[in-house]
Amino acid sequence: MVAFILRRLIQSLFVMFFVALVSFSMFRFVGDPVHQMVGIETSLEEREALRERLGLKDPVVIQFGHYIARAAVGEFGLSYQHQRPVSDMLLERMPATLELALVSAIFSLLVGVPMGVYTGLNRDGFFSKVFLSLSLVGISLPTFLIGILLIFIFSVQLNWLPSFGRGGVIDLGWWTTGFLTLDGWRSLIMPSITLGLFQLTLIMRLVRSEMLEVLRTDYIKFARARGLTNHAVHFGHALKNTLVPVITITGLQLGSIIAFAIITETVFQWPGMGQMFLQAVTTVDIPIMAAYLMLIAFFFVVINLIVDMLYYVVDPRLRVDTGKASGHG
Amino acid sequence: MPLLEVENLVVEFPTRRGTLTAVNDISLHIDEGEVLGVVGESGAGKSMTGAAIIGLLEPPGRVASGRILLEGERLDNLPYEKMRRIRGKRIGAIFQDPLTSLNPLYSVGYQLVETIQTHTDMTPTQARARAIELLTEVGIPAPERRVDQYPHQFSGGMRQRVVIALALCVNPRLIIADEPTTALDVSIQAQIIALLKRLCRDHGTAVMLVTHDMGVIAETADRVAVMYAGRIAEIGPVREVIKNAKHPYTHGLMGSIPSIGHDNERLEQIPGAMPRLTDIPVGCAFNPRCPHAFDKCRTVRPDLLPVEDSWTACWLYDGEAGRTIEASKTLVAATKADALLERNHG
């Protein structure tokens, strides 16, 4: 187990190294940074001095080394547009995105898994057919359309929920949270439904097909033959066997929820990292884009590491160091 | 009163192309502590009969008519929840493949304790003690350690022992063993059969042993039912059926068993194949493959008739036709039968 985690950590470092390479190369391919930092009246000598000071005259490898060294301690330079440290800006925006991602992931799991189990157990039931048809809608409608529809119905027509922003936010010093106020929760509802709907339908369909698969297996038949209650057979034996693929997909999806909250954040004017990234793209603010890239890659790596460790918890067959099959007869 | 009675059982599968009859009007009984072997080719309906008895026919399969009685109580029309309480407690089951019968995500002990606690009022500690006791009984070494291990840490034979422990854990009166050794190495098969036989004798548990292996039946069973195309062709005491087979199909089955010490003997095979459920011939289902078939076999379906000590569904024994199966064939079968029966304790 320890050896496995170490191995995965080393792999993760490699992944981060290559992402850093990509994000570093953004600076080099999108023109001369000095041009964007100085005015027209800056003399050539001053420009040269600035280049010297920024380390742009060093060989590329050395520059890359400096970049990685700074990135490792969370330093990504100054934003071109705002002239503030990028890491500070990201940290300010991160709570909004992470809270939104967390709530929508939990929402999609809490609704998606039971719906998947239900439709798996009652394949031909009326509600199963209703759920399955609705899930088609969830999969095929684009996120921004769902968001706008929700705003139209619940904010414009019914006036129940706020149409933009995070609502009441409480500042905990290093973290701002919307979880502690009613207003904050009300503001979370529509964005997290919008963001989680696709994941919900995906999880539901996945759980359903896995359930159908598992219910056909011999050990389910044998569990029934032992007279176990339906509850024990369905939830103890069948559902647990569907968990490995569900954990995999949920992990991957959590990563993409964080990364692709951009659209939802734009629709709901959600003050998160996605919105900031979009603004950075329009103003060619390379340090923000590069740092965002690194941060998202970091989230993916961490989530995958957690997913791999969860496999160990769920499936004893992966715990190879606890013994092998022995003794014929 | 017999422990289990099956009366005129019919199992049907409604399909788009009409209703298939997998088990067609069979009757049998099993006494307390008795081992009934049910033998036949794949698709003869033997597993279906077992599944019908424990109430686990896969939909759309259903018991279309007939009755199943356990200790005089009707099982075939019980609601699911009532039947569930009987499964595992009064009728245990063992399936073919021990590699897939156990849930890979739970330890062996968990699955035993879960089953014990479903059917009894034992506390978790008592149930665990009972689980270890059961593992000892089925011959698993170091049960205190093994009880916390997972199925993948056991070999095939060991897993089948665990499955037997699971089937026996609350002392059911009857066990349906559906091809319990088919998936195992030949060297392990004999051990598992011996274990099953010993345990059932010790606990007075009756067994319905479903298999296509005549050798296993000869070694283990008290009585045998030979099934063909959803019907019983012959049923009677194991010695009588094996040494003195009546039905031409039983003869064919006996002829197809390889035996040690008859090196140059060419194995006989029954010509043709068992008919599919969609086109079972009129009359006796075996008539197209039967070397002794005559007109009546092709038109009228035979029912079980008493012949000597067993019952057989064959017109050859219907009075006037008389016995026409050649003596020589019976002789070959008889020497084989002796070898097979040697290991049956009697």
# chains A, B, ... in the order shown; residues from 1 in each chain; ligands from 1
>>> select_by_dssp(residues="region 44-277 of chain B", states="helix (DSSP H, G or I)", output="PyMOL selection string")
chain B and resi 46-53+80-86+98-101+108-119+124-137+143-146+151-153+156-168+186-203+214-220+238-243+248-255+277
>>> write_last_selection(atoms="C-alpha atoms", output="short mmCIF file (atom, residue, chain, number, x, y, z; two decimals), in the first residue's frame")
data_model
loop_
_atom_site.label_atom_id
_atom_site.label_comp_id
_atom_site.auth_asym_id
_atom_site.auth_seq_id
_atom_site.Cartn_x
_atom_site.Cartn_y
_atom_site.Cartn_z
CA LYS B 46 -32.57 -30.98 -14.11
CA SER B 47 -31.30 -27.57 -13.01
CA MET B 48 -34.72 -26.07 -13.73
CA THR B 49 -36.29 -28.59 -11.37
CA GLY B 50 -33.81 -27.57 -8.67
CA ALA B 51 -34.41 -23.86 -9.28
CA ALA B 52 -38.19 -24.41 -9.12
CA ILE B 53 -37.84 -26.16 -5.75
CA TYR B 80 -41.43 -14.16 -2.24
CA GLU B 81 -40.86 -13.08 1.35
CA LYS B 82 -42.16 -16.35 2.85
CA MET B 83 -40.12 -18.39 0.40
CA ARG B 84 -37.07 -16.31 1.26
CA ARG B 85 -37.33 -17.40 4.90
CA ILE B 86 -37.32 -21.04 3.77
CA PRO B 98 -17.46 -21.90 -6.56
CA LEU B 99 -15.27 -19.22 -8.13
CA THR B 100 -18.25 -16.98 -8.75
CA SER B 101 -20.65 -18.05 -6.00
CA VAL B 108 -15.78 -15.38 3.96
CA GLY B 109 -16.62 -14.80 7.62
CA TYR B 110 -18.87 -11.84 6.79
CA GLN B 111 -20.87 -13.92 4.33
CA LEU B 112 -21.25 -16.77 6.82
CA VAL B 113 -22.21 -14.49 9.71
CA GLU B 114 -24.66 -12.62 7.50
CA THR B 115 -26.40 -15.85 6.51
CA ILE B 116 -26.45 -17.20 10.07
CA GLN B 117 -27.87 -13.95 11.43
CA THR B 118 -30.51 -13.80 8.73
CA HIS B 119 -32.00 -17.08 9.90
CA PRO B 124 -22.49 -11.41 16.17
CA THR B 125 -20.03 -13.13 18.52
CA GLN B 126 -21.98 -16.38 18.53
CA ALA B 127 -22.42 -16.25 14.76
CA ARG B 128 -18.71 -15.74 14.28
CA ALA B 129 -17.91 -18.69 16.54
CA ARG B 130 -20.37 -20.77 14.54
CA ALA B 131 -18.73 -19.60 11.30
CA ILE B 132 -15.32 -20.76 12.50
CA GLU B 133 -16.85 -24.05 13.61
CA LEU B 134 -18.39 -24.53 10.15
CA LEU B 135 -15.09 -23.80 8.40
CA THR B 136 -13.44 -26.40 10.60
CA GLU B 137 -16.18 -28.85 9.75
CA PRO B 143 -10.17 -21.37 10.26
CA GLU B 144 -9.57 -18.63 12.85
CA ARG B 145 -7.30 -16.92 10.36
CA ARG B 146 -9.13 -17.92 7.18
CA PRO B 151 -12.73 -15.38 -1.53
CA HIS B 152 -9.82 -14.58 -3.86
CA GLN B 153 -7.45 -15.84 -1.19
CA GLY B 156 -11.33 -23.34 -6.15
CA GLY B 157 -11.72 -26.43 -4.00
CA MET B 158 -11.46 -24.38 -0.82
CA ARG B 159 -14.06 -21.96 -2.11
CA GLN B 160 -16.46 -24.81 -2.82
CA ARG B 161 -15.91 -25.93 0.78
CA VAL B 162 -16.88 -22.44 1.90
CA VAL B 163 -19.96 -22.60 -0.32
CA ILE B 164 -20.90 -25.91 1.30
CA ALA B 165 -20.42 -24.33 4.72
CA LEU B 166 -22.72 -21.49 3.64
CA ALA B 167 -25.36 -23.91 2.40
CA LEU B 168 -25.22 -25.92 5.63
CA VAL B 186 -10.92 -33.78 -11.33
CA SER B 187 -8.56 -34.40 -8.42
CA ILE B 188 -10.65 -32.12 -6.20
CA GLN B 189 -14.05 -33.41 -7.32
CA ALA B 190 -13.84 -36.64 -5.35
CA GLN B 191 -12.85 -34.80 -2.18
CA ILE B 192 -15.74 -32.37 -2.44
CA ILE B 193 -18.25 -35.14 -3.14
CA ALA B 194 -16.93 -37.16 -0.19
CA LEU B 195 -17.17 -34.08 2.04
CA LEU B 196 -20.71 -33.30 0.95
CA LYS B 197 -21.74 -36.89 1.51
CA ARG B 198 -20.14 -37.07 4.97
CA LEU B 199 -21.62 -33.79 6.16
CA CYS B 200 -25.10 -34.64 4.97
CA ARG B 201 -24.94 -38.05 6.59
CA ASP B 202 -23.74 -36.50 9.88
CA HIS B 203 -26.49 -33.88 9.88
CA MET B 214 -23.03 -40.82 -13.82
CA GLY B 215 -19.86 -41.63 -11.87
CA VAL B 216 -20.66 -39.02 -9.20
CA ILE B 217 -24.21 -40.38 -8.94
CA ALA B 218 -23.04 -43.98 -8.62
CA GLU B 219 -20.69 -43.00 -5.82
CA THR B 220 -23.05 -40.83 -3.87
CA VAL B 238 -29.03 -46.40 -7.58
CA ARG B 239 -27.97 -50.05 -7.83
CA GLU B 240 -31.01 -51.02 -9.80
CA VAL B 241 -30.74 -48.12 -12.26
CA ILE B 242 -27.01 -48.48 -12.80
CA LYS B 243 -26.62 -52.25 -12.81
CA PRO B 248 -32.52 -47.34 -23.52
CA TYR B 249 -31.37 -43.80 -22.69
CA THR B 250 -29.93 -44.94 -19.35
CA HIS B 251 -28.15 -47.71 -21.26
CA GLY B 252 -26.69 -45.11 -23.56
CA LEU B 253 -25.52 -42.99 -20.62
CA MET B 254 -23.87 -45.99 -19.00
CA GLY B 255 -22.16 -46.94 -22.23
CA LEU B 277 -37.30 -27.50 -26.34
#
>>> select_by_dssp(residues="region 59-258 of chain B", states="strand (DSSP E or B)", output="ChimeraX atom specification")
/B:62-70,73-74,87,91-94,154,174-178,206-211,223-228,231-237
>>> residues_around(residues="His35 (chain A)", least_positions_apart="4", cutoff="12 Å", atoms="only C-alpha atoms", output="list of chain:residue names")
A:Val30, A:Gly31, A:Gly39, A:Ile40, A:Glu41, A:Thr42, A:Ser43, A:Leu44, A:Glu46, A:Arg47, A:Glu48, A:Leu50, A:Arg51, A:Tyr80
>>> residues_around(residues="region 13-17 of chain A", least_positions_apart="6", cutoff="12 Å", atoms="only C-alpha atoms", output="list in words")
Leu6, Arg7, Ser23, Phe24, Phe64, Gly65, Tyr67, Ile68, Ala69, Ala71, Ala72, Leu293, Met294, Leu295, Ile296, Ala297, Phe298, Phe299, Phe300, Val301, Val302, Asn304 and Leu305 of chain A
>>> write_last_selection(atoms="C-alpha atoms", output="PDB file, in the first residue's frame")
ATOM      1  CA  LEU A   6       4.752   6.314  -3.361  1.00  0.00           C
ATOM      2  CA  ARG A   7       4.700   5.002  -6.918  1.00  0.00           C
ATOM      3  CA  SER A  23       2.083  26.183 -19.188  1.00  0.00           C
ATOM      4  CA  PHE A  24       5.640  27.571 -19.316  1.00  0.00           C
ATOM      5  CA  PHE A  64      12.046  26.709 -16.878  1.00  0.00           C
ATOM      6  CA  GLY A  65      13.884  25.582 -13.751  1.00  0.00           C
ATOM      7  CA  TYR A  67       9.516  28.682 -13.192  1.00  0.00           C
ATOM      8  CA  ILE A  68       9.099  25.233 -11.645  1.00  0.00           C
ATOM      9  CA  ALA A  69      10.866  26.263  -8.466  1.00  0.00           C
ATOM     10  CA  ALA A  71       5.448  27.198  -9.017  1.00  0.00           C
ATOM     11  CA  ALA A  72       6.354  24.566  -6.414  1.00  0.00           C
ATOM     12  CA  LEU A 293      -3.791  25.271 -16.020  1.00  0.00           C
ATOM     13  CA  MET A 294      -1.354  24.131 -13.335  1.00  0.00           C
ATOM     14  CA  LEU A 295      -3.970  24.332 -10.610  1.00  0.00           C
ATOM     15  CA  ILE A 296      -6.557  22.279 -12.529  1.00  0.00           C
ATOM     16  CA  ALA A 297      -3.933  19.665 -13.371  1.00  0.00           C
ATOM     17  CA  PHE A 298      -3.059  19.557  -9.693  1.00  0.00           C
ATOM     18  CA  PHE A 299      -6.721  18.964  -8.768  1.00  0.00           C
ATOM     19  CA  PHE A 300      -6.978  16.130 -11.293  1.00  0.00           C
ATOM     20  CA  VAL A 301      -3.828  14.501  -9.970  1.00  0.00           C
ATOM     21  CA  VAL A 302      -4.966  14.736  -6.354  1.00  0.00           C
ATOM     22  CA  ASN A 304      -7.029  10.502  -9.085  1.00  0.00           C
ATOM     23  CA  LEU A 305      -4.756   9.669  -6.214  1.00  0.00           C
TER      24      LEU A 305
END
>>> residues_around(residues="region 168-174 of chain A", least_positions_apart="4", cutoff="10 Å", atoms="only C-alpha atoms", output="list of chain:residue names")
A:Leu91, A:Glu92, A:Pro95, A:Ala96, A:Gly178, A:Phe179, A:Leu180, A:Thr181, A:Leu182, A:Asp183, A:Gly184, A:Trp185, A:Arg186, A:Ser187
>>> write_last_selection(atoms="N, CA and C atoms", output="short mmCIF file (atom, residue, chain, number, x, y, z; two decimals), in the first residue's frame")
data_model
loop_
_atom_site.label_atom_id
_atom_site.label_comp_id
_atom_site.auth_asym_id
_atom_site.auth_seq_id
_atom_site.Cartn_x
_atom_site.Cartn_y
_atom_site.Cartn_z
N LEU A 91 -6.40 32.23 -5.09
CA LEU A 91 -6.85 31.82 -3.76
C LEU A 91 -8.16 32.52 -3.38
N GLU A 92 -8.30 33.79 -3.79
CA GLU A 92 -9.54 34.51 -3.50
C GLU A 92 -10.73 33.86 -4.19
N PRO A 95 -12.41 29.41 -3.28
CA PRO A 95 -13.53 28.91 -2.45
C PRO A 95 -14.84 28.88 -3.22
N ALA A 96 -15.12 29.90 -4.01
CA ALA A 96 -16.39 29.94 -4.73
C ALA A 96 -16.51 28.74 -5.66
N GLY A 178 -20.16 30.28 1.49
CA GLY A 178 -21.57 30.61 1.36
C GLY A 178 -22.41 29.60 2.13
N PHE A 179 -21.74 28.65 2.79
CA PHE A 179 -22.47 27.57 3.46
C PHE A 179 -23.15 28.02 4.75
N LEU A 180 -22.74 29.19 5.27
CA LEU A 180 -23.21 29.55 6.60
C LEU A 180 -24.40 30.51 6.59
N THR A 181 -24.82 30.92 5.41
CA THR A 181 -25.99 31.81 5.38
C THR A 181 -27.06 31.21 4.49
N LEU A 182 -28.31 31.50 4.84
CA LEU A 182 -29.44 31.01 4.05
C LEU A 182 -29.35 31.54 2.63
N ASP A 183 -28.96 32.80 2.55
CA ASP A 183 -28.83 33.45 1.25
C ASP A 183 -27.79 32.74 0.39
N GLY A 184 -26.68 32.38 1.03
CA GLY A 184 -25.62 31.67 0.33
C GLY A 184 -26.13 30.35 -0.24
N TRP A 185 -26.90 29.63 0.56
CA TRP A 185 -27.45 28.35 0.09
C TRP A 185 -28.44 28.55 -1.05
N ARG A 186 -29.28 29.59 -0.90
CA ARG A 186 -30.25 29.85 -1.96
C ARG A 186 -29.55 30.15 -3.28
N SER A 187 -28.41 30.85 -3.18
CA SER A 187 -27.67 31.18 -4.40
C SER A 187 -26.99 29.96 -4.99
#
>>> closest_residue(among="A:Phe235, A:Phe268, A:Trp175, A:Phe126", to="Phe152 (chain A)", atoms="only C-alpha atoms")
A:Phe268
>>> atom_distance(atom1="CA of Phe154 (chain B)", atom2="CA of Phe222 (chain A)")
17.7 Å
>>> closest_residue(among="B:Leu9, B:Ala93, B:Ala142, B:Ala64", to="chain A", atoms="only C-alpha atoms")
B:Ala93
>>> residues_around(residues="region 255-260 of chain A", least_positions_apart="2", cutoff="10 Å", atoms="only C-alpha atoms", output="NGL selection string")
:A and (94 or 97-102 or 104-105 or 192 or 195-196 or 198-199 or 249-253 or 262-265 or 272-274 or 292-293 or 295-304)
>>> residues_around(residues="Gln279 (chain A)", least_positions_apart="2", cutoff="12 Å", atoms="only C-alpha atoms", output="MDAnalysis selection string")
chainID A and resid 79 81:82 262 265:266 271:277 281:286 288:289
>>> atom_distance(atom1="CA of Asp76 (chain B)", atom2="CA of Leu56 (chain B)")
10.5 Å
>>> atom_distance(atom1="CA of Lys240 (chain A)", atom2="CA of Gly88 (chain B)")
22.2 Å
>>> closest_residue(among="A:Gly77, A:Gly120, A:Gly227, A:Gly125", to="chain B", atoms="only C-alpha atoms")
A:Gly227
